[in-house]
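All remarks here apply to the structure that follows.
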Amino acid sequence: PELYSPTGRPVVHGDTAGLGDIGLFQSGGYGYVKNIDYIKISSASNGTDFGDTATSGSHQGGAGSSTRAFQACFASPGVSTNIDYGLFSTKGNHADFGDTTHARDKSGALSNNTRAVWCGGRDNVSTDNLVNIIDYITMATIGNASDFGDLAAAVQMCQGFASNTRGAIGGGQTPSDINVIQYITIGSTGNTTDFGDLTVTRSPGGGTGASSTTRGLFVGGGVPGGSNSDVIDYITIASTGDATDFGDLAFVTNFASGLSNNTRGVFSGFNNTSAPGANTTFGQTPHISYVTIASTGNITNFGDLAVKRYGIAAASNGHGGLS
């Protein structure tokens with residue numbers, strides 16, 4: 001096995017659809033757990049145990065290539081530089097990959113099949129100090145992150161996704177909730193460029209969005225005044241312009257983390273004390289929901305997590321940023 005590779009049991013698939021069809025919901029929760037839930041994206045079902053992350057944490061961002069899953073920018077409970085990774089093909093525990101350039105949590109994340117990118121966040125939990133840092137790694141190697149450029153403003157809890165060439169980052173807090181969508185060209189480095197606006201001003205709550213190679217979705221989030229949203233927006237990634245309404249979640253939520261197999265977007269890590277089955281003190285929910293990215297409409301039930309939680313780092317091996 002390669003140096004630092006996680007060990008465990010091979011993932012056995014009943015058909016060839018397993019390639020590019022694995023989703024992992026990593027870590028998260030009010031108690032900063034290490035649990036990893038595994039799903040097959042094309043088949044609605046409950047999450048099953050995959051293993052543990054190397055770092056217990058929450059409010060982090062997830063990314064993935066066709067072979068490796070990542071999470072970084074944790075609250076555990078203080079901010080961290082840790083980058084964890086594991087193999088989609090092997091059930092087992094994650095291992096240490098390297099460090100981000102700056103300790104923080106509540107970063108947005110995105111990736112194509114070569115690079116993973118973490119955007120913004122806060123570097124002090126007590127003071128909620130926000131940063132505009134963008135880091136990236138080359139996922140096939142082991143090592144520390146490098147500086148990519150800067151967001152237009154210091155922001156936390158933005159949400160990201162990517163096509164093969166372009167990454168989009170939407171919403172967040174500056175500390176006010178914003179409706180701004182920004183984009184980068186993943187293969188280069190540099191600062192973000194304005195893309196357009198969300199339909200609703202909100203902070204999506206961290207984690208990742210979901211995308212096909214053409215369309216990306218922004219899901220849920222907090223809105224000005226302290227309430228939350230059930231809105232799902234979409235954009236065409238290759239163009240620029242304002243987002244369009246896609247549909248609604250089953251309930252309002254401040255947190256949502258998403259992944260996809262380029263056809264179906266799957267979301268979990270919601271936070272709502274009134275949701276069915278939720279923890280009524282901290283709002284951790286068991287729900288997994290999905291949409292068909294090429295269409296529009298409301299969310300459909302997918303199943304439940306093995307361990308209910310929010311603030312999850314979601315990653316798949318078949319999302320819109322993979323060729």
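Each chain in the structure tokens gets a letter, A, B, ..., in the order shown, and its residues are numbered from 1; ligands are numbered from 1 in order too.
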Cut-off 9 Å: closest segment 234-282 of chain A/segment 299-319 of chain A atom pairs per residue, using only C-alpha atoms, as a tab-separated table:
```
residue	atom	partner	partner_atom	distance
A:Gly247	CA	A:Ile299	CA	7.3
A:Asp248	CA	A:Ile299	CA	6.2
A:Leu249	CA	A:Ile299	CA	5.2
A:Ala250	CA	A:Ile299	CA	6.4
A:Phe255	CA	A:Gly311	CA	6.3
A:Ala256	CA	A:Gly311	CA	7.3
A:Ser257	CA	A:Ala314	CA	5.8
A:Gly258	CA	A:Ala314	CA	5.7
A:Leu259	CA	A:Ala315	CA	5.6
A:Ser260	CA	A:His319	CA	4.8
A:Asn261	CA	A:Gly318	CA	4.4
A:Asn262	CA	A:His319	CA	4.8
A:Thr263	CA	A:His319	CA	8.3
A:Gly265	CA	A:His319	CA	8.8
A:Val266	CA	A:Phe302	CA	7.8
A:Phe267	CA	A:Ala314	CA	8.4
A:Ser268	CA	A:Tyr310	CA	7.5
A:Gly269	CA	A:Tyr310	CA	3.8
A:Phe270	CA	A:Tyr310	CA	5.2
A:Asn271	CA	A:Tyr310	CA	5.7
A:Gly277	CA	A:Lys308	CA	8.7
A:Ala278	CA	A:Lys308	CA	7.6
A:Asn279	CA	A:Lys308	CA	8.1
```
> Can you tell me how far atom CA of Ser289 of chain A sits from atom CA of Arg68 of chain A, in Å to one decimal?
Replying inline: 23.2 Å
> Which of these, A:Val125, A:Ile186, A:Ile178, A:Ile39, has the shortest distance to Asp21 of chain A once you count only C-alpha atoms?
Replying inline: A:Ile39
>> What does the structure give for the distance between atom CA of Gly57 of chain A and atom CA of Tyr85 of chain A, in Å to one decimal?
In response: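 Distance reported for this atom pair: 13.7 Å.
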> How far is it from atom CA of Leu322 of chain A to atom CA of Ala69 of chain A, in Å with one decimal?
Replying inline: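 Pair atom CA of Leu322 of chain A / atom CA of Ala69 of chain A returns 12.8 Å.
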> Can you list, as JSON, numbers by chain, every protein, DNA or RNA residue that comes within 12 Å of His102 of chain A when you count only C-alpha atoms, leaving out same-chain residues fewer than 4 positions away?
Replying inline: {"A": [72, 73, 74, 79, 80, 81, 82, 83, 98, 107, 118, 119, 120, 121, 122, 123, 124, 130, 131, 132, 133, 134, 135, 136, 144, 145, 146, 147]}
> Of the candidates A:Ile181, A:Ala75, A:Leu87, A:Val117, which one gets nearest to Gly51 of chain A if we count only C-alpha atoms?
Replying inline: A:Leu87
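Among A:Ile184, A:Ile169, A:Ala103, A:Ala154, the residue with the shortest atom-to-atom distance to Leu198 of chain A, counting only C-alpha atoms, is A:Ile169.
Each of A:Asn112, A:Ser58, A:Ser42, A:Gln182 was compared to Thr138 of chain A using only C-alpha atoms, and A:Asn112 turns out to be the nearest.
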> Which residues, written as a PyMOL selection string, have at least one atom at most 7 Å from Gly86 of chain A, with only C-alpha atoms counted and residues fewer than 3 positions away on the same chain left out?
Replying inline: chain A and resi 6+68-70+93-95
>> Which of segment 66-315 of chain A end up as strand (DSSP E or B) when DSSP is run on this backbone - answer as a PyMOL selection string?
In response: chain A and resi 68-72+75+79-87+90-92+95-105+108-111+115-124+129-138+146-150+156+159-162+166-170+173+177+180-185+193-197+203+207-208+210-211+215-223+227-236+244-253+257-260+264-268+271+284+287-292+300-304+313-315
> Out of A:Gly321, A:Gly31, A:Gly209, A:Gly222, which residue has the shortest atom-to-atom distance to Asn179 of chain A when counting only C-alpha atoms?
Replying inline: A:Gly222
> Counting only C-alpha atoms, which of A:Asn46, A:Thr174, A:Ser163, A:Thr101 gets nearest to Pro286 of chain A?
Replying inline: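 So, comparing all the options, the nearest one is A:Asn46.
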For Arg264 of chain A, list every protein, DNA or RNA residue within 6 Å, evaluated using only C-alpha atoms, and leave out those in the same chain fewer than 5 positions away; present the list as a compact mmCIF listing (two decimals) with N, CA, C and O atoms, in the first residue's frame.
```txt
# COMPACT_ATOMS: atom_id res chain seq x y z
N VAL A 291 -31.95 15.26 -4.92
CA VAL A 291 -32.63 15.82 -6.09
C VAL A 291 -31.94 15.31 -7.34
O VAL A 291 -30.80 14.85 -7.30
N THR A 292 -32.63 15.40 -8.47
CA THR A 292 -32.02 15.16 -9.77
C THR A 292 -31.54 16.51 -10.30
O THR A 292 -32.35 17.42 -10.51
N ILE A 293 -30.23 16.65 -10.49
CA ILE A 293 -29.64 17.97 -10.75
C ILE A 293 -30.14 18.59 -12.05
O ILE A 293 -30.33 19.81 -12.12
```
